[in-house]
Amino acid sequence: MNRVIIIGATSGIGREVAISLAKRGVIVGIAGRRVETLKQIEDEFGSELIKSQYIDVTDNNSTAALDELIERVGTPDLLLYASGIGKQNPTLDEDIEINTVKTNCEGMVRIVDHFINYVKSNPHYNKKQRAHVAVISSVAGTDGMGSAPAYSATKKMQSTYLTALSQHCRMQNIAVRFSDIRPGFVETDILNPDKHYPMLMSRNKAARIIIRGLERRRRIIIFDWRFKLL
């Protein structure tokens with residue numbers, strides 16, 4: 001991985017992966033809605049390594065912003081979709097559920113499909129030089145959690161969509177490989193700080209596992225081993 005684009009790099013796992021890759025000397029295009037955070041990361045590592053871009057994945061114009069970021073980063077080896085929201089919603093607040101769907105499903109489809117079409121039309125990619133698309137879903141998508149219906153369902157949709165896209169790209173001879181990243185509980189802003197979570201993992205450790213899995217081109221990355229066993 002020499003050139004990477006991370007959508008949703010302003011917090012949580014996405015930010016940790018971006019920082020870890022930049023420390024290795026990888027050119028990283030980071031995108032998100034928190035402009036100040038994007039600028040802080042760019043200032044820390046310098047504009048030669050970090051290229052930042054404001055992208056709101058729920059906006060129809062986000063694909064144009066993605067094109068601009070790709071132009072600045074260069075032909076990416078990897079697109080990591082780490083943008084996502086999720087809340088426990090015991091009252092079934094409709095706005096929470098719908099906003100979760102917009103970011104986790106609609107936003108992912110918009111960004112990932114646009115990138116696949118970019119790969120399809122770019123002669124740089126071929127059977128020996130495939131682009132890599134990875135999405136951070138969740139083990140919550142395996143069977144669902146009653147406390148977070150929309151979050152669980154959107155994560156299931158992401159995993160199923162990646163499976164279908166993998167088949168599609170094989171059928172259409174599009175040079176893209178996929179990784180479905182399914183974390184367990186990771187210490188991020190999504191979790192309620194007042195609650196205790198079993199098998200909680202630090203962001204730093206999660207980033208290391210993800211990067212190792214991507215380097216090995218694993219189709220599904222579940223962590224940690226206890227969640228994989230479950």
# chains A, B, ... in the order shown; residues from 1 in each chain; ligands from 1
$ select_by_dssp --residues "range 2-224 of chain A" --states "alpha helix (DSSP H)" --output "ChimeraX atom specification"
/A:12-23,35-45,62-73,94-101,108-120,140-143,149-172,203-215
$ select_by_dssp --residues "range 38-112 of chain A" --states "strand (DSSP E)" --output "PyMOL selection string"
chain A and resi 50-54+78-81
$ closest_atom_pairs --of "range 52-95 of chain A" --to "range 148-157 of chain A" --cutoff "10 Å" --atoms "only C-alpha atoms" --output "JSON lines"
{"residue": "A:Gly84", "atom": "CA", "partner": "A:Tyr151", "partner_atom": "CA", "distance": 9.1}
{"residue": "A:Ile85", "atom": "CA", "partner": "A:Tyr151", "partner_atom": "CA", "distance": 7.5}
{"residue": "A:Gly86", "atom": "CA", "partner": "A:Tyr151", "partner_atom": "CA", "distance": 5.2}
{"residue": "A:Lys87", "atom": "CA", "partner": "A:Ala148", "partner_atom": "CA", "distance": 6.2}
{"residue": "A:Gln88", "atom": "CA", "partner": "A:Ala148", "partner_atom": "CA", "distance": 4.5}
{"residue": "A:Asn89", "atom": "CA", "partner": "A:Ala148", "partner_atom": "CA", "distance": 5.5}
{"residue": "A:Pro90", "atom": "CA", "partner": "A:Ala148", "partner_atom": "CA", "distance": 7.3}
{"residue": "A:Leu92", "atom": "CA", "partner": "A:Pro149", "partner_atom": "CA", "distance": 8.3}
{"residue": "A:Glu94", "atom": "CA", "partner": "A:Ala150", "partner_atom": "CA", "distance": 9.8}
$ write_last_selection --atoms "N, CA and C atoms" --output "PDB file, in the first residue's frame"
ATOM      1  N   GLY A  84     -18.998   6.033   9.449  1.00  0.00           N
ATOM      2  CA  GLY A  84     -20.150   5.317   9.974  1.00  0.00           C
ATOM      3  C   GLY A  84     -20.646   5.923  11.268  1.00  0.00           C
ATOM      4  N   ILE A  85     -21.930   5.797  11.511  1.00  0.00           N
ATOM      5  CA  ILE A  85     -22.509   6.253  12.761  1.00  0.00           C
ATOM      6  C   ILE A  85     -23.354   5.124  13.334  1.00  0.00           C
ATOM      7  N   GLY A  86     -23.565   5.176  14.625  1.00  0.00           N
ATOM      8  CA  GLY A  86     -24.383   4.171  15.275  1.00  0.00           C
ATOM      9  C   GLY A  86     -24.711   4.584  16.694  1.00  0.00           C
ATOM     10  N   LYS A  87     -25.963   4.433  17.046  1.00  0.00           N
ATOM     11  CA  LYS A  87     -26.405   4.784  18.391  1.00  0.00           C
ATOM     12  C   LYS A  87     -27.363   3.714  18.902  1.00  0.00           C
ATOM     13  N   GLN A  88     -27.286   3.490  20.229  1.00  0.00           N
ATOM     14  CA  GLN A  88     -28.335   2.686  20.832  1.00  0.00           C
ATOM     15  C   GLN A  88     -29.623   3.501  20.787  1.00  0.00           C
ATOM     16  N   ASN A  89     -30.699   2.852  20.403  1.00  0.00           N
ATOM     17  CA  ASN A  89     -31.931   3.590  20.150  1.00  0.00           C
ATOM     18  C   ASN A  89     -33.140   2.828  20.701  1.00  0.00           C
ATOM     19  N   PRO A  90     -33.230   2.714  22.031  1.00  0.00           N
ATOM     20  CA  PRO A  90     -34.325   1.938  22.627  1.00  0.00           C
ATOM     21  C   PRO A  90     -35.704   2.530  22.375  1.00  0.00           C
ATOM     22  N   LEU A  92     -36.565   3.902  19.530  1.00  0.00           N
ATOM     23  CA  LEU A  92     -36.765   3.871  18.072  1.00  0.00           C
ATOM     24  C   LEU A  92     -37.049   5.255  17.510  1.00  0.00           C
ATOM     25  N   GLU A  94     -36.991   7.876  15.020  1.00  0.00           N
ATOM     26  CA  GLU A  94     -36.924   7.688  13.566  1.00  0.00           C
ATOM     27  C   GLU A  94     -35.746   8.434  12.942  1.00  0.00           C
TER      28      GLU A  94
END
$ closest_atom_pairs --of "range 83-149 of chain A" --to "range 22-46 of chain A" --cutoff "12 Å" --atoms "only C-alpha atoms" --output "CSV"
residue,atom,partner,partner_atom,distance
A:Ser83,CA,A:Gly32,CA,7.7
A:Gly84,CA,A:Gly32,CA,10.5
A:Thr103,CA,A:Gly32,CA,11.7
A:Gly107,CA,A:Gly32,CA,11.9
A:Ile111,CA,A:Ala31,CA,11.5
$ write_last_selection --atoms "all heavy atoms" --output "CSV table (one decimal), in the first residue's frame"
chain,number,residue,atom,x,y,z
A,83,SER,N,-16.3,5.6,7.3
A,83,SER,CA,-17.3,6.5,7.8
A,83,SER,C,-18.5,5.7,8.3
A,83,SER,O,-19.0,4.8,7.6
A,83,SER,CB,-17.7,7.4,6.6
A,83,SER,OG,-18.7,8.3,7.0
A,84,GLY,N,-19.0,6.0,9.4
A,84,GLY,CA,-20.1,5.3,10.0
A,84,GLY,C,-20.6,5.9,11.3
A,84,GLY,O,-19.9,6.5,12.0
A,103,THR,N,-25.9,7.3,6.3
A,103,THR,CA,-24.5,7.3,6.3
A,103,THR,C,-23.9,6.0,6.0
A,103,THR,O,-23.0,5.8,5.2
A,103,THR,CB,-24.0,7.8,7.7
A,103,THR,OG1,-24.4,9.2,7.9
A,103,THR,CG2,-22.5,7.8,7.8
A,107,GLY,N,-24.4,6.3,1.9
A,107,GLY,CA,-23.1,6.9,1.7
A,107,GLY,C,-22.1,5.9,1.2
A,107,GLY,O,-21.3,6.2,0.3
A,111,ILE,N,-20.0,6.2,-2.4
A,111,ILE,CA,-18.6,6.3,-2.5
A,111,ILE,C,-18.0,5.1,-3.2
A,111,ILE,O,-17.1,5.2,-4.1
A,111,ILE,CB,-18.0,6.5,-1.1
A,111,ILE,CG1,-18.4,7.9,-0.6
A,111,ILE,CG2,-16.5,6.4,-1.1
A,111,ILE,CD1,-18.0,9.1,-1.3
$ atom_distance --atom1 "CA of Met201 in chain A" --atom2 "CA of His132 in chain A"
25.2 Å
$ closest_residue --among "A:Arg182, A:Val112, A:Val73, A:Leu162" --to "Ser47 in chain A" --atoms "only C-alpha atoms"
A:Val73
